[in-house]
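Data from input.txt: compact mmCIF, C-alpha atoms and all ligand atoms
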```
# COMPACT_ATOMS: atom_id res chain seq x y z
CA MET A 47 24.12 -11.30 6.05
CA ALA A 48 24.77 -9.78 9.45
CA ASP A 49 22.35 -11.28 11.95
CA PHE A 50 20.88 -9.57 15.01
CA GLN A 51 23.40 -11.12 17.38
CA SER A 52 26.42 -9.99 15.40
CA VAL A 53 25.08 -6.44 14.92
CA PHE A 54 23.81 -5.81 18.45
CA GLY A 55 25.72 -8.35 20.57
CA ALA A 56 22.53 -9.41 22.33
CA THR A 57 19.77 -12.00 22.08
CA PRO A 58 16.55 -10.87 20.34
CA THR A 59 13.10 -11.29 21.90
CA GLY A 60 11.32 -12.27 18.71
CA VAL A 61 10.78 -11.94 15.00
CA TRP A 62 7.87 -10.13 13.32
CA ALA A 63 6.75 -9.84 9.69
CA ALA A 64 4.50 -7.41 7.82
CA PRO A 65 3.67 -7.77 4.11
CA GLY A 66 3.61 -5.50 1.09
CA ARG A 67 0.43 -5.47 -1.03
CA VAL A 68 -1.13 -5.24 -4.43
CA ASN A 69 -4.48 -3.52 -4.75
CA LEU A 70 -7.05 -5.34 -6.90
CA ILE A 71 -9.13 -2.21 -7.43
CA GLY A 72 -9.91 1.06 -5.63
CA GLU A 73 -6.94 3.28 -6.49
CA HIS A 74 -6.72 6.84 -5.16
CA THR A 75 -10.02 6.33 -3.39
CA ASP A 76 -8.65 5.97 0.15
CA TYR A 77 -7.99 9.68 0.73
CA ASN A 78 -11.49 10.33 -0.61
CA ASP A 79 -13.00 8.13 2.13
CA GLY A 80 -13.86 5.48 -0.48
CA PHE A 81 -13.50 1.72 -0.89
CA VAL A 82 -10.39 -0.35 -1.62
CA LEU A 83 -9.68 -4.06 -2.18
CA PRO A 84 -6.03 -4.86 -1.46
CA VAL A 85 -4.34 -8.26 -1.12
CA ALA A 86 -1.23 -8.87 0.98
CA LEU A 87 1.81 -10.27 -0.81
CA PRO A 88 4.00 -13.13 0.42
CA HIS A 89 6.79 -10.54 0.30
CA ALA A 90 7.28 -8.97 3.71
CA ALA A 91 9.46 -6.79 5.88
CA LYS A 92 10.89 -8.93 8.67
CA ALA A 93 12.12 -7.48 11.96
CA THR A 94 14.15 -9.25 14.59
CA ALA A 95 13.97 -7.12 17.72
CA ARG A 96 14.39 -6.67 21.42
CA ARG A 97 13.20 -4.01 23.80
CA ARG A 98 15.68 -1.58 25.37
CA ASP A 99 14.94 0.28 28.56
CA ASP A 100 17.46 3.13 28.09
CA GLY A 101 15.42 5.17 25.57
CA VAL A 102 17.72 4.32 22.65
CA LEU A 103 16.42 3.11 19.29
CA ARG A 104 18.98 1.24 17.16
CA LEU A 105 18.14 0.34 13.57
CA PHE A 106 19.98 -1.89 11.12
CA SER A 107 18.77 -3.03 7.70
CA GLU A 108 20.10 -5.77 5.47
CA GLN A 109 19.08 -3.49 2.60
CA GLY A 110 20.86 -0.48 4.13
CA ASP A 111 24.43 0.76 4.04
CA GLY A 112 25.80 -1.54 6.74
CA GLU A 113 25.60 1.16 9.42
CA VAL A 114 23.56 1.12 12.61
CA THR A 115 21.35 4.21 13.01
CA GLU A 116 21.17 5.18 16.67
CA LEU A 117 18.49 7.59 17.92
CA ARG A 118 17.07 8.70 21.25
CA VAL A 119 13.29 8.19 21.30
CA ASP A 120 12.74 11.41 23.25
CA GLY A 121 14.64 13.35 20.57
CA LEU A 122 12.50 12.15 17.63
CA ALA A 123 10.82 14.94 15.69
CA PRO A 124 9.43 15.26 12.14
CA GLY A 125 12.33 15.94 9.77
CA SER A 126 14.97 14.70 12.21
CA VAL A 127 15.60 11.38 10.44
CA THR A 128 16.09 10.82 6.70
CA GLY A 129 16.30 7.78 4.43
CA TRP A 130 14.78 4.39 5.22
CA ALA A 131 15.33 4.81 8.99
CA ALA A 132 12.71 7.60 8.99
CA TYR A 133 9.93 4.99 8.63
CA PRO A 134 10.66 2.94 11.77
CA ALA A 135 11.59 6.10 13.72
CA ALA A 136 8.30 7.68 12.61
CA VAL A 137 6.27 4.83 14.08
CA VAL A 138 7.99 5.10 17.46
CA TRP A 139 7.38 8.87 17.36
CA ALA A 140 3.69 8.37 16.44
CA LEU A 141 3.17 5.82 19.23
CA ARG A 142 4.58 8.28 21.75
CA GLU A 143 2.54 11.14 20.24
CA ALA A 144 -0.58 9.00 20.71
CA GLY A 145 0.25 8.80 24.41
CA HIS A 146 1.86 5.37 24.57
CA ASP A 147 4.79 5.42 26.93
CA VAL A 148 7.18 3.38 24.79
CA GLY A 149 10.96 3.46 24.98
CA GLY A 150 13.76 2.11 22.80
CA ALA A 151 14.49 -1.10 20.94
CA ASP A 152 17.08 -2.79 18.75
CA PHE A 153 15.81 -3.69 15.28
CA HIS A 154 17.36 -5.82 12.56
CA PHE A 155 15.33 -5.54 9.34
CA ASP A 156 15.33 -7.74 6.28
CA SER A 157 12.72 -7.09 3.59
CA ASP A 158 12.00 -8.78 0.28
CA VAL A 159 9.30 -6.26 -0.71
CA PRO A 160 10.81 -4.54 -3.76
CA SER A 161 11.24 -0.86 -2.91
CA GLY A 162 9.97 1.88 -5.23
CA ALA A 163 7.79 -0.69 -7.02
CA GLY A 164 4.42 0.52 -5.76
CA LEU A 165 4.10 -2.59 -3.59
CA SER A 166 4.08 -0.80 -0.22
CA SER A 167 7.57 -1.50 1.04
CA SER A 168 7.22 1.59 3.29
CA ALA A 169 3.96 0.48 4.89
CA ALA A 170 5.46 -2.98 5.45
CA LEU A 171 8.36 -1.42 7.34
CA GLU A 172 6.06 0.80 9.38
CA CYS A 173 3.68 -2.03 10.21
CA VAL A 174 6.37 -4.48 11.25
CA VAL A 175 7.67 -1.90 13.72
CA ALA A 176 4.16 -1.13 15.00
CA THR A 177 3.46 -4.83 15.52
CA ALA A 178 6.77 -5.51 17.24
CA TYR A 179 6.26 -2.52 19.56
CA ARG A 180 2.74 -3.74 20.40
CA ASP A 181 4.25 -6.99 21.67
CA LEU A 182 7.48 -5.65 23.17
CA TYR A 183 5.60 -2.99 25.15
CA GLU A 184 2.37 -4.99 25.68
CA LEU A 185 0.21 -2.32 24.05
CA GLU A 186 -3.52 -3.06 23.83
CA LEU A 187 -3.88 -1.87 20.25
CA THR A 188 -5.89 -3.48 17.44
CA GLY A 189 -4.74 -3.89 13.83
CA PRO A 190 -6.74 -0.84 12.61
CA GLU A 191 -5.42 1.25 15.52
CA LEU A 192 -1.85 0.31 14.63
CA ALA A 193 -2.57 1.04 10.95
CA LEU A 194 -3.74 4.55 11.86
CA ILE A 195 -0.59 5.11 13.91
CA ALA A 196 1.55 3.95 10.98
CA GLN A 197 -0.36 6.24 8.60
CA ARG A 198 0.09 9.19 10.94
CA ALA A 199 3.79 8.34 11.14
CA GLU A 200 4.07 8.55 7.35
CA ASN A 201 1.90 11.70 7.04
CA ALA A 202 3.36 13.77 9.85
CA PHE A 203 6.90 12.47 10.34
CA VAL A 204 7.98 11.28 6.88
CA GLY A 205 5.84 13.92 5.18
CA VAL A 206 3.91 11.82 2.63
CA PRO A 207 0.15 12.57 2.64
CA CYS A 208 -0.87 8.94 1.93
CA GLY A 209 -4.23 7.38 2.71
CA VAL A 210 -4.68 4.39 5.00
CA MET A 211 -4.99 1.55 2.48
CA ASP A 212 -1.43 0.26 2.55
CA GLN A 213 -1.15 0.21 6.33
CA MET A 214 -4.56 -1.46 6.72
CA ALA A 215 -3.62 -4.07 4.12
CA SER A 216 -0.33 -4.80 5.84
CA MET A 217 -1.94 -5.03 9.28
CA CYS A 218 -5.29 -6.69 8.57
CA CYS A 219 -5.11 -8.97 5.51
CA VAL A 220 -5.51 -12.72 5.96
CA GLU A 221 -4.21 -15.56 3.81
CA GLY A 222 -6.35 -16.50 0.83
CA ALA A 223 -8.49 -13.36 0.85
CA ALA A 224 -8.71 -9.76 -0.29
CA LEU A 225 -9.51 -7.01 2.21
CA PHE A 226 -12.69 -5.10 1.38
CA LEU A 227 -12.17 -1.88 3.30
CA ASP A 228 -14.26 1.22 3.80
CA THR A 229 -11.56 3.79 4.40
CA ARG A 230 -13.99 6.22 6.06
CA ASP A 231 -14.60 4.16 9.19
CA LEU A 232 -12.15 1.28 8.59
CA ALA A 233 -15.01 -1.27 8.53
CA HIS A 234 -13.60 -4.27 6.69
CA ARG A 235 -14.39 -7.76 5.55
CA HIS A 236 -12.19 -10.57 4.21
CA VAL A 237 -13.40 -11.66 0.79
CA PRO A 238 -12.17 -15.14 -0.18
CA LEU A 239 -9.92 -15.10 -3.25
CA ASP A 240 -9.32 -18.72 -4.18
CA LEU A 241 -7.46 -18.03 -7.40
CA ALA A 242 -5.90 -21.49 -7.64
CA GLY A 243 -9.31 -23.14 -7.12
CA GLN A 244 -10.56 -21.38 -10.25
CA GLY A 245 -7.45 -22.05 -12.29
CA LEU A 246 -6.34 -18.42 -12.10
CA ARG A 247 -3.22 -16.53 -11.06
CA LEU A 248 -2.33 -12.95 -10.29
CA LEU A 249 0.76 -11.94 -12.22
CA VAL A 250 2.64 -8.95 -10.82
CA ILE A 251 4.84 -7.03 -13.26
CA ASP A 252 7.26 -4.61 -11.64
CA THR A 253 8.10 -2.18 -14.45
CA ARG A 254 11.18 -1.02 -12.50
CA VAL A 255 10.19 2.55 -13.19
CA LYS A 256 10.74 4.07 -9.76
CA HIS A 257 7.57 5.09 -8.10
CA ASP A 258 7.99 7.81 -5.50
CA LEU A 259 5.07 9.33 -3.62
CA GLY A 260 7.26 11.98 -2.08
CA ASP A 261 7.66 14.01 -5.27
CA GLY A 262 4.58 16.20 -4.93
CA ALA A 263 2.36 14.81 -7.70
CA TYR A 264 0.46 12.60 -5.26
CA ALA A 265 -0.10 15.52 -2.90
CA GLU A 266 -1.38 17.63 -5.80
CA LEU A 267 -3.90 14.99 -6.82
CA ARG A 268 -5.09 14.69 -3.26
CA ALA A 269 -5.45 18.46 -2.98
CA GLY A 270 -7.43 18.51 -6.27
CA CYS A 271 -9.90 15.93 -4.91
CA GLU A 272 -10.32 17.84 -1.67
CA ARG A 273 -10.91 21.07 -3.58
CA ALA A 274 -13.57 19.36 -5.75
CA ALA A 275 -15.36 17.98 -2.68
CA GLU A 276 -15.34 21.44 -1.14
CA LEU A 277 -16.76 23.06 -4.29
CA LEU A 278 -19.52 20.45 -4.34
CA GLY A 279 -20.28 20.98 -0.65
CA LEU A 280 -19.38 17.39 0.21
CA ARG A 281 -17.37 16.03 3.12
CA ALA A 282 -15.45 13.85 0.64
CA LEU A 283 -15.85 12.65 -2.96
CA ARG A 284 -17.08 9.35 -1.58
CA ASP A 285 -20.31 11.18 -0.77
CA LEU A 286 -21.12 11.90 -4.41
CA PRO A 287 -23.63 9.25 -5.60
CA PRO A 288 -22.78 7.93 -9.10
CA ASP A 289 -26.15 9.01 -10.51
CA ARG A 290 -25.37 12.63 -9.59
CA LEU A 291 -21.96 12.55 -11.29
CA PRO A 292 -23.00 14.28 -14.58
CA GLN A 293 -24.60 17.28 -12.81
CA ALA A 294 -21.69 17.51 -10.38
CA LEU A 295 -19.14 17.58 -13.23
CA ASP A 296 -20.98 20.53 -14.79
CA ARG A 297 -20.41 22.51 -11.63
CA LEU A 298 -16.63 21.97 -11.55
CA PRO A 299 -13.72 23.62 -13.34
CA ALA A 300 -12.53 21.52 -16.28
CA GLU A 301 -9.27 20.42 -14.65
CA LEU A 302 -11.04 18.82 -11.68
CA ARG A 303 -13.65 16.89 -13.66
CA PRO A 304 -11.53 13.87 -14.65
CA LEU A 305 -10.32 13.45 -11.05
CA VAL A 306 -13.87 13.31 -9.75
CA ARG A 307 -14.97 10.99 -12.55
CA HIS A 308 -12.18 8.56 -11.68
CA VAL A 309 -12.88 8.52 -7.95
CA VAL A 310 -16.64 8.05 -8.29
CA THR A 311 -16.43 5.35 -10.97
CA GLU A 312 -13.58 3.61 -9.14
CA ASP A 313 -15.69 3.27 -5.99
CA VAL A 314 -18.39 1.62 -8.12
CA ARG A 315 -15.76 -0.75 -9.57
CA VAL A 316 -14.75 -1.86 -6.08
CA GLU A 317 -18.35 -2.71 -5.23
CA GLN A 318 -18.75 -4.55 -8.54
CA ALA A 319 -15.55 -6.50 -7.91
CA VAL A 320 -16.65 -7.52 -4.41
CA ALA A 321 -20.04 -8.64 -5.78
CA ARG A 322 -18.29 -10.83 -8.37
CA LEU A 323 -15.95 -12.32 -5.75
CA ASP A 324 -18.88 -13.00 -3.40
CA ALA A 325 -20.61 -14.77 -6.28
CA GLY A 326 -17.49 -16.90 -6.76
CA ASP A 327 -16.85 -15.55 -10.27
CA LEU A 328 -13.21 -14.52 -10.07
CA ALA A 329 -12.69 -14.38 -13.83
CA ALA A 330 -15.23 -11.53 -13.96
CA LEU A 331 -12.65 -9.38 -12.19
CA GLY A 332 -10.68 -9.14 -15.44
CA PRO A 333 -12.76 -6.49 -17.26
CA ILE A 334 -13.11 -4.51 -14.01
CA LEU A 335 -9.31 -4.36 -13.68
CA SER A 336 -8.92 -3.18 -17.27
CA ALA A 337 -11.63 -0.53 -16.86
CA GLY A 338 -9.81 0.66 -13.73
CA HIS A 339 -6.60 1.04 -15.70
CA ALA A 340 -8.28 3.06 -18.45
CA SER A 341 -9.65 5.41 -15.81
CA LEU A 342 -6.24 5.83 -14.13
CA ARG A 343 -4.61 6.40 -17.52
CA ASP A 344 -7.15 8.72 -19.14
CA ASP A 345 -8.81 10.50 -16.21
CA TYR A 346 -6.49 10.38 -13.23
CA ARG A 347 -3.38 10.40 -15.44
CA VAL A 348 -1.08 8.52 -13.09
CA SER A 349 0.03 5.79 -15.48
CA CYS A 350 3.17 6.03 -17.61
CA PRO A 351 4.26 4.53 -20.96
CA GLU A 352 5.79 1.49 -19.24
CA THR A 353 2.69 0.63 -17.16
CA ASP A 354 0.44 1.23 -20.19
CA LEU A 355 2.60 -1.08 -22.29
CA ALA A 356 2.64 -3.79 -19.61
CA VAL A 357 -1.18 -3.69 -19.42
CA ALA A 358 -1.62 -3.73 -23.21
CA ALA A 359 0.92 -6.52 -23.75
CA ALA A 360 -0.55 -8.67 -20.96
CA VAL A 361 -4.09 -8.34 -22.34
CA ALA A 362 -2.89 -8.97 -25.91
CA ALA A 363 -1.20 -12.16 -24.65
CA GLY A 364 -4.45 -13.43 -23.15
CA ALA A 365 -4.70 -11.91 -19.65
CA LEU A 366 -8.33 -11.59 -18.52
CA GLY A 367 -7.60 -8.04 -17.38
CA ALA A 368 -4.74 -5.88 -16.13
CA ARG A 369 -4.06 -2.59 -14.43
CA MET A 370 -1.41 -0.58 -12.68
CA THR A 371 -1.51 -0.95 -8.91
CA GLY A 372 -0.52 1.53 -6.20
CA GLY A 373 -0.02 5.26 -6.49
CA GLY A 374 1.22 5.28 -10.10
CA PHE A 375 3.99 7.24 -11.86
CA GLY A 376 5.70 3.92 -12.49
CA GLY A 377 5.62 0.95 -10.13
CA SER A 378 3.81 -2.30 -10.81
CA VAL A 379 1.05 -3.75 -12.95
CA LEU A 380 -1.09 -6.69 -11.97
CA ALA A 381 -2.70 -9.03 -14.48
CA LEU A 382 -5.34 -11.69 -13.90
CA VAL A 383 -4.39 -14.72 -15.98
CA GLU A 384 -5.41 -18.32 -16.48
CA ALA A 385 -2.88 -20.49 -14.66
CA GLY A 386 -1.63 -22.18 -17.82
CA THR A 387 -0.86 -18.87 -19.54
CA LEU A 388 1.17 -17.28 -16.72
CA ASP A 389 4.60 -17.89 -18.27
CA HIS A 390 3.38 -16.94 -21.72
CA VAL A 391 1.94 -13.62 -20.53
CA ALA A 392 5.06 -12.81 -18.49
CA ALA A 393 7.27 -13.59 -21.48
CA ALA A 394 5.10 -11.49 -23.81
CA VAL A 395 5.39 -8.46 -21.53
CA THR A 396 9.14 -8.96 -21.24
CA THR A 397 9.47 -9.12 -25.04
CA ALA A 398 7.32 -6.01 -25.48
CA PHE A 399 9.58 -4.15 -23.02
CA SER A 400 12.68 -5.25 -24.83
CA ASP A 401 11.20 -4.21 -28.21
CA ALA A 402 10.36 -0.78 -26.78
CA GLY A 403 13.90 -0.39 -25.44
CA TYR A 404 12.79 -0.54 -21.78
CA ALA A 405 14.73 -2.34 -19.04
CA ALA A 406 13.46 -5.87 -18.36
CA PRO A 407 10.53 -5.95 -15.93
CA ARG A 408 10.50 -8.26 -12.91
CA THR A 409 7.53 -10.64 -12.89
CA PHE A 410 6.15 -12.96 -10.22
CA ALA A 411 2.87 -14.69 -9.33
CA ALA A 412 1.26 -13.43 -6.13
CA THR A 413 -0.79 -15.55 -3.74
CA PRO A 414 -2.91 -13.71 -1.14
CA ALA A 415 -0.85 -13.81 2.06
CA ALA A 416 -1.32 -13.00 5.76
CA GLY A 417 -1.04 -9.61 7.44
CA ALA A 418 1.42 -8.48 10.12
CA ARG A 419 2.23 -11.04 12.81
CA ARG A 420 4.87 -12.45 15.11
CA VAL A 421 6.72 -15.24 13.33
CA GLY A 422 9.38 -16.28 15.79
C1 LIG B 1 -0.29 4.91 -2.31
C2 LIG B 1 -0.81 5.44 -0.97
C3 LIG B 1 -2.17 4.86 -0.68
C4 LIG B 1 -3.13 5.03 -1.84
C5 LIG B 1 -2.48 4.59 -3.14
C6 LIG B 1 -3.31 4.90 -4.34
O1 LIG B 1 -0.05 3.54 -2.23
O2 LIG B 1 0.09 5.10 0.06
O3 LIG B 1 -2.69 5.45 0.50
O4 LIG B 1 -3.57 6.35 -1.92
O5 LIG B 1 -1.21 5.19 -3.33
O6 LIG B 1 -4.49 4.15 -4.31
```
Using structure tokens, write down the structure from this file.
Amino acid sequence: MADFQSVFGATPTGVWAAPGRVNLIGEHTDYNDGFVLPVALPHAAKATARRRDDGVLRLFSEQGDGEVTELRVDGLAPGSVTGWAAYPAAVVWALREAGHDVGGADFHFDSDVPSGAGLSSSAALECVVATAYRDLYELELTGPELALIAQRAENAFVGVPCGVMDQMASMCCVEGAALFLDTRDLAHRHVPLDLAGQGLRLLVIDTRVKHDLGDGAYAELRAGCERAAELLGLRALRDLPPDRLPQALDRLPAELRPLVRHVVTEDVRVEQAVARLDAGDLAALGPILSAGHASLRDDYRVSCPETDLAVAAAVAAGALGARMTGGGFGGSVLALVEAGTLDHVAAAVTTAFSDAGYAAPRTFAATPAAGARRVG
């Protein structure tokens, strides 16, 4: 551990935190203007920071290589920074691009959001920087406005064409609730998720299969959805009512049909899930999660043998439902379980992995945590 003082030889102004997330349901709907239902994790990126008035941005991460990255804010340009430092640099660039006259800062980062696990470690890093800058430079920006700046940072500076779910979850979640978000206009509502009160737990299973959105597959899926919307004469797939799905599929080339079917049915699943949560029936989420996984596996085709095995083993061991969460191609699975079966389900998945010759997964129970905030 090298603290702020020993790295930068100065006293910090404050400490900020922004969480990673799991998504209950609503996967690959955000870039189709659809609905999502994420929950913030207790795992967060923490930033200890101070403002600098000489236009220099200095970045140090406990998870990095022990070096300080030093950049001039007026020299930031897409492609100019690589590795983890691109994410914080991108946010400073995006703030300036949006017309905010912000200068430099010293940042010491420490994150316990597992990276490459589909739990939004990148959005957490972006959002902690956005939140710290809001306070250090007294910017009058709301959570959704900061989320949009963080998304633009990732799209235009880092070069990943992600939607806005992860950044909105990291900025706007509150403790004890899921975030029901309409990604078209960012209207959102906090839906209470009192798992413990109903004797339930959310088990997160990190398969340790590296999930990487930068590899092109995500961009291809997004392009496929946009092409389908265009062929159907729609602004986005969100605008296709479920009862018109069969006729719409007939009008599309075969390779686009499963994508459209996933997006349209997934939006319905989000609305069903919210209705069950509003009715206080959390256990009813289980079958909705499992149906979401089948759709991601069979139609959207973003699962992998390890996530499929984790889902199957969790359900066989008594989970009420399970699905992969995040972009896919590896990453994490979440399972809804009765509190008393948590250890049993986790152990069953671990055994199934070992029997299949896979590396041991990392498992933990997630409680819905708070969004980005100043913590010190
Ligand atoms: C990644 C992206 C999100 C979203 C999910 C899939 O996490 O960053 O915008 O598209 O994948 O639901």
Write out as an mmCIF file with C-alpha atoms, in the coordinates of the input the residues lying within 9 Å of Glu272 (chain A), counting all atoms listed in the file and excluding same-chain residues fewer than 6 positions away.
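Generated output (selection07.cif):
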```cif
data_model
loop_
_atom_site.group_PDB
_atom_site.id
_atom_site.type_symbol
_atom_site.label_atom_id
_atom_site.label_comp_id
_atom_site.auth_asym_id
_atom_site.auth_seq_id
_atom_site.Cartn_x
_atom_site.Cartn_y
_atom_site.Cartn_z
ATOM 1 C CA TYR A 77 -7.990 9.680 0.730
ATOM 2 C CA ASN A 78 -11.490 10.330 -0.610
ATOM 3 C CA ARG A 281 -17.370 16.030 3.120
ATOM 4 C CA ALA A 282 -15.450 13.850 0.640
ATOM 5 C CA LEU A 283 -15.850 12.650 -2.960
#
```
Pairwise distance, CA of Asp252 (chain A) with CA of Glu221 (chain A), equals 22.1 Å
Test item: residues at most 6 Å from region 192-199 of chain A, only C-alpha atoms, excluding those fewer than 5 positions along its chain, as number ranges by chain: A: 136-137, 140, 172, 210, 213-214
Please, what is the axis-aligned box for every listed atom of ligand LIG 1 (chain B) with 4 Å on each side, as centre and edge lengths in Å to one decimal, as AutoDock Vina command-line options?
```
--center_x -2.2 --center_y 4.9 --center_z -1.9 --size_x 12.6 --size_y 10.8 --size_z 12.8
```
Using all atoms listed in the file, which residues of the polymer chains come no farther than 10 Å from ligand LIG 1 (chain B)? I'd like the answer as a ChimeraX atom specification. /A:67-69,71-78,81-84,164-169,197,200-201,206-214,229,257-259,264-265,267-268,348,371-374
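One distance worth recording is that between CA of Val237 (chain A) and CA of Gly364 (chain A), which is 25.6 Å.
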By how many Å are CA of Ala223 (chain A) and CA of Asp79 (chain A) apart?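 Pair CA of Ala223 (chain A) / CA of Asp79 (chain A) returns 22.0 Å.
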For a cutoff of 9 Å around the file-coordinate point (-11.7, 9.9, -8.9), which residues qualify once you count only C-alpha atoms? I'd like the result as a list of chain:residue names. A:Glu73, A:His74, A:Thr75, A:Asn78, A:Cys271, A:Leu283, A:Arg303, A:Pro304, A:Leu305, A:Val306, A:Arg307, A:His308, A:Val309, A:Val310, A:Thr311, A:Glu312, A:Asp313, A:Ser341, A:Leu342, A:Asp345, A:Tyr346
Counting only C-alpha atoms, which residues sit no farther than 9 Å from the position (12.6, 8.6, 19.8) in the file's frame? I'd like them as a PyMOL selection string. chain A and resi 101-103+117-123+135-136+138-139+142+149-150
With distances taken over only C-alpha atoms, which residue among A:Ala91, A:Ala64, A:Ala300, A:Val204 lies nearest Thr128 (chain A)? A:Val204
Pick the closest to Leu227 (chain A) from A:Arg408, A:Cys173, A:Asp296, A:Val320: which is it, counting all atoms listed in the file? A:Val320
Compare A:Thr253, A:Thr353, A:Thr397, A:Gln318 by their minimum atom-to-atom distance to Leu331 (chain A), counting all atoms listed in the file, and give me the closest one. A:Gln318
Selected residue of minimal separation from Pro58 (chain A) among A:Asp324, A:Gly422, A:Gly189, A:Met217, counting only C-alpha atoms: A:Gly422
Report as a short mmCIF file (atom, residue, chain, number, x, y, z; two decimals) with C-alpha atoms, keeping the file's coordinate frame all protein, DNA and RNA residues lying within 12 Å of Thr409 (chain A), evaluated on all atoms listed in the file, omitting residues in the same chain fewer than 4 positions from it.
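selection_0.cif, freshly written:
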```cif
data_model
loop_
_atom_site.label_atom_id
_atom_site.label_comp_id
_atom_site.auth_asym_id
_atom_site.auth_seq_id
_atom_site.Cartn_x
_atom_site.Cartn_y
_atom_site.Cartn_z
CA PRO A 160 10.81 -4.54 -3.76
CA ALA A 163 7.79 -0.69 -7.02
CA LEU A 248 -2.33 -12.95 -10.29
CA LEU A 249 0.76 -11.94 -12.22
CA VAL A 250 2.64 -8.95 -10.82
CA ILE A 251 4.84 -7.03 -13.26
CA ASP A 252 7.26 -4.61 -11.64
CA THR A 253 8.10 -2.18 -14.45
CA ARG A 254 11.18 -1.02 -12.50
CA ALA A 356 2.64 -3.79 -19.61
CA ALA A 360 -0.55 -8.67 -20.96
CA SER A 378 3.81 -2.30 -10.81
CA VAL A 379 1.05 -3.75 -12.95
CA LEU A 380 -1.09 -6.69 -11.97
CA ALA A 381 -2.70 -9.03 -14.48
CA LEU A 388 1.17 -17.28 -16.72
CA ASP A 389 4.60 -17.89 -18.27
CA HIS A 390 3.38 -16.94 -21.72
CA VAL A 391 1.94 -13.62 -20.53
CA ALA A 392 5.06 -12.81 -18.49
CA ALA A 393 7.27 -13.59 -21.48
CA ALA A 394 5.10 -11.49 -23.81
CA VAL A 395 5.39 -8.46 -21.53
CA THR A 396 9.14 -8.96 -21.24
#
```
Could N, CA, C and O atoms be built for region 236-247 of chain A and written out as an mmCIF file, keeping the file's coordinate frame?
```cif
data_model
loop_
_atom_site.group_PDB
_atom_site.id
_atom_site.type_symbol
_atom_site.label_atom_id
_atom_site.label_comp_id
_atom_site.auth_asym_id
_atom_site.auth_seq_id
_atom_site.Cartn_x
_atom_site.Cartn_y
_atom_site.Cartn_z
ATOM 1 N N HIS A 236 -13.107 -9.756 5.019
ATOM 2 C CA HIS A 236 -12.190 -10.570 4.210
ATOM 3 C C HIS A 236 -12.997 -11.301 3.145
ATOM 4 O O HIS A 236 -13.902 -12.059 3.480
ATOM 5 N N VAL A 237 -12.660 -11.044 1.895
ATOM 6 C CA VAL A 237 -13.400 -11.660 0.790
ATOM 7 C C VAL A 237 -12.533 -12.764 0.194
ATOM 8 O O VAL A 237 -11.448 -12.486 -0.334
ATOM 9 N N PRO A 238 -12.986 -14.034 0.303
ATOM 10 C CA PRO A 238 -12.170 -15.140 -0.180
ATOM 11 C C PRO A 238 -11.739 -14.954 -1.646
ATOM 12 O O PRO A 238 -12.541 -14.505 -2.466
ATOM 13 N N LEU A 239 -10.475 -15.277 -1.904
ATOM 14 C CA LEU A 239 -9.920 -15.100 -3.250
ATOM 15 C C LEU A 239 -9.153 -16.373 -3.591
ATOM 16 O O LEU A 239 -7.925 -16.406 -3.539
ATOM 17 N N ASP A 240 -9.936 -17.421 -3.903
ATOM 18 C CA ASP A 240 -9.320 -18.720 -4.180
ATOM 19 C C ASP A 240 -8.955 -18.797 -5.658
ATOM 20 O O ASP A 240 -9.607 -19.473 -6.449
ATOM 21 N N LEU A 241 -7.880 -18.088 -5.999
ATOM 22 C CA LEU A 241 -7.460 -18.030 -7.400
ATOM 23 C C LEU A 241 -7.147 -19.425 -7.940
ATOM 24 O O LEU A 241 -7.631 -19.814 -9.003
ATOM 25 N N ALA A 242 -6.338 -20.172 -7.173
ATOM 26 C CA ALA A 242 -5.900 -21.490 -7.640
ATOM 27 C C ALA A 242 -7.103 -22.393 -7.887
ATOM 28 O O ALA A 242 -7.144 -23.141 -8.872
ATOM 29 N N GLY A 243 -8.116 -22.310 -6.997
ATOM 30 C CA GLY A 243 -9.310 -23.140 -7.120
ATOM 31 C C GLY A 243 -10.068 -22.883 -8.419
ATOM 32 O O GLY A 243 -10.817 -23.734 -8.881
ATOM 33 N N GLN A 244 -9.877 -21.688 -8.980
ATOM 34 C CA GLN A 244 -10.560 -21.380 -10.250
ATOM 35 C C GLN A 244 -9.589 -21.365 -11.424
ATOM 36 O O GLN A 244 -9.870 -20.795 -12.479
ATOM 37 N N GLY A 245 -8.423 -21.945 -11.207
ATOM 38 C CA GLY A 245 -7.450 -22.050 -12.290
ATOM 39 C C GLY A 245 -6.882 -20.704 -12.712
ATOM 40 O O GLY A 245 -6.508 -20.498 -13.868
ATOM 41 N N LEU A 246 -6.822 -19.766 -11.769
ATOM 42 C CA LEU A 246 -6.340 -18.420 -12.100
ATOM 43 C C LEU A 246 -5.084 -18.070 -11.313
ATOM 44 O O LEU A 246 -4.764 -18.687 -10.297
ATOM 45 N N ARG A 247 -4.391 -17.055 -11.780
ATOM 46 C CA ARG A 247 -3.220 -16.530 -11.060
ATOM 47 C C ARG A 247 -3.213 -15.018 -11.185
ATOM 48 O O ARG A 247 -3.734 -14.458 -12.152
#
```
